Amino acid sequence: MTPKLDIKFDKKQLKALEKAVLNAPEAVQSKLTTAARKSLLLIERETKDNTPYSLDRGTGLAGSIISTEPVLSGGLITGEVGSPLAYALPVELGSKPHFPPIRPLQEWAEVKLGVDPEISYAVAFAIALKISKVGTEGKHMLGNAIKDNGGNVQGFFNDAVQELADELGASI
């Protein structure tokens, strides 16, 4: 299941937004899109920080995590944070038992565990056998980033609505 974040506004905020849409639709689009962009960049950064890595945060899975530009359409603002790498989802959610490729595990064992290259194949094979029996545990790097930052994201949107209300002389 893909984690989602829903923004909620109270009745006063909705009234202010309604007034803003009628009087300054471009300002509404600008403010809300900016709030969405800030939100996506925050979730992207936090997801990268939560992502396990082998060599360098700028490469591999963490380096592949990106956010899209927010899109406003039909009254909804949407955006995504994710990775194009095939193994991103199994790292996020975990995996069922399967026999993984040995070579990436061998490289991981050498770098992350400091295993001598002469025995790294044997270590990688042992890890692969374990994964074939129990699978892998999910790291939930995106899910945790969303869960831990929901309040900040809601705050970006609350601030945007307050700025719109202030500019239009509406009270919230």
# chains A, B, ... in the order shown; residues from 1 in each chain; ligands from 1
>>> closest_atom_pairs(of="range 111-157 of chain A", to="range 35-50 of chain A", cutoff="9 Å", atoms="only C-alpha atoms", output="tab-separated table")
residue	atom	partner	partner_atom	distance
A:Lys139	CA	A:Asn50	CA	8.0
A:His140	CA	A:Asn50	CA	8.1
A:Met141	CA	A:Asn50	CA	4.9
A:Leu142	CA	A:Thr47	CA	5.0
A:Gly143	CA	A:Thr47	CA	8.2
A:Asn144	CA	A:Thr47	CA	7.7
A:Ala145	CA	A:Glu46	CA	5.4
A:Ile146	CA	A:Ile43	CA	6.3
A:Asp148	CA	A:Glu46	CA	9.0
A:Asn149	CA	A:Ile43	CA	7.3
A:Asn152	CA	A:Ser39	CA	7.9
A:Val153	CA	A:Ser39	CA	5.3
A:Gln154	CA	A:Ser39	CA	8.7
A:Gly155	CA	A:Ala35	CA	8.9
A:Phe156	CA	A:Ala35	CA	5.2
A:Phe157	CA	A:Ala35	CA	5.5
>>> write_last_selection(atoms="C-alpha atoms", output="compact mmCIF listing (two decimals), in the first residue's frame")
# COMPACT_ATOMS: atom_id res chain seq x y z
CA LYS A 139 12.36 -0.43 6.36
CA HIS A 140 9.29 1.83 5.83
CA MET A 141 11.46 4.82 5.02
CA LEU A 142 8.73 6.63 3.04
CA GLY A 143 5.91 5.56 5.36
CA ASN A 144 7.83 6.79 8.40
CA ALA A 145 8.76 10.06 6.69
CA ILE A 146 5.08 10.72 6.02
CA ASP A 148 6.64 11.69 11.25
CA ASN A 149 6.09 14.85 9.19
CA ASN A 152 4.72 19.87 9.36
CA VAL A 153 3.00 19.32 6.02
CA GLN A 154 -0.39 20.33 7.45
CA GLY A 155 1.35 23.43 8.84
CA PHE A 156 2.64 24.43 5.38
CA PHE A 157 -0.93 24.37 4.07
>>> select_by_dssp(residues="range 6-139 of chain A", states="helix (DSSP H, G or I)", output="PyMOL selection string")
chain A and resi 11-23+25-50+60-64+88-93+102-112+120-134
>>> residues_around(residues="range 93-103 of chain A", least_positions_apart="2", cutoff="9 Å", atoms="only C-alpha atoms", output="CSV table (one decimal) with C-alpha atoms, in the first residue's frame")
chain,number,residue,atom,x,y,z
A,1,MET,CA,0.0,0.0,0.0
A,88,ALA,CA,12.7,0.3,-3.7
A,89,LEU,CA,9.3,-1.2,-2.9
A,90,PRO,CA,10.7,-4.5,-1.4
A,91,VAL,CA,13.0,-2.3,0.8
A,105,LEU,CA,24.8,-9.2,-1.6
A,106,GLN,CA,28.4,-10.0,-2.1
A,107,GLU,CA,29.3,-6.3,-2.8
A,108,TRP,CA,27.1,-5.3,0.2
A,121,TYR,CA,30.7,-15.0,-1.9
A,124,ALA,CA,26.5,-13.5,0.5
A,125,PHE,CA,25.2,-17.0,-0.2
A,127,ILE,CA,22.5,-14.3,3.5
A,128,ALA,CA,20.6,-15.3,0.4
A,129,LEU,CA,19.7,-18.6,2.0
A,130,LYS,CA,18.3,-16.8,5.0
A,131,ILE,CA,16.3,-14.4,2.7
A,132,SER,CA,15.0,-17.5,0.9
A,133,LYS,CA,13.6,-18.8,4.1
A,134,VAL,CA,12.3,-15.7,5.9
A,135,GLY,CA,12.2,-12.9,3.4
A,136,THR,CA,13.2,-9.4,4.4
A,137,GLU,CA,11.8,-6.9,6.9
A,138,GLY,CA,10.5,-3.6,5.4
A,139,LYS,CA,12.4,-0.4,6.4
A,140,HIS,CA,9.3,1.8,5.8
>>> residues_around(residues="Ile66 in chain A", least_positions_apart="6", cutoff="7 Å", atoms="only C-alpha atoms", output="PyMOL selection string")
chain A and resi 44+81-83
>>> closest_residue(among="A:Lys12, A:Leu32, A:Glu110, A:Ala24", to="Asp159 in chain A", atoms="only C-alpha atoms")
A:Leu32
>>> closest_residue(among="A:Gly79, A:Gly63, A:Pro70, A:Gly150", to="Lys31 in chain A", atoms="only C-alpha atoms")
A:Pro70
>>> closest_residue(among="A:Gly169, A:Gly151, A:Ser30, A:Pro3", to="Val71 in chain A", atoms="only C-alpha atoms")
A:Ser30
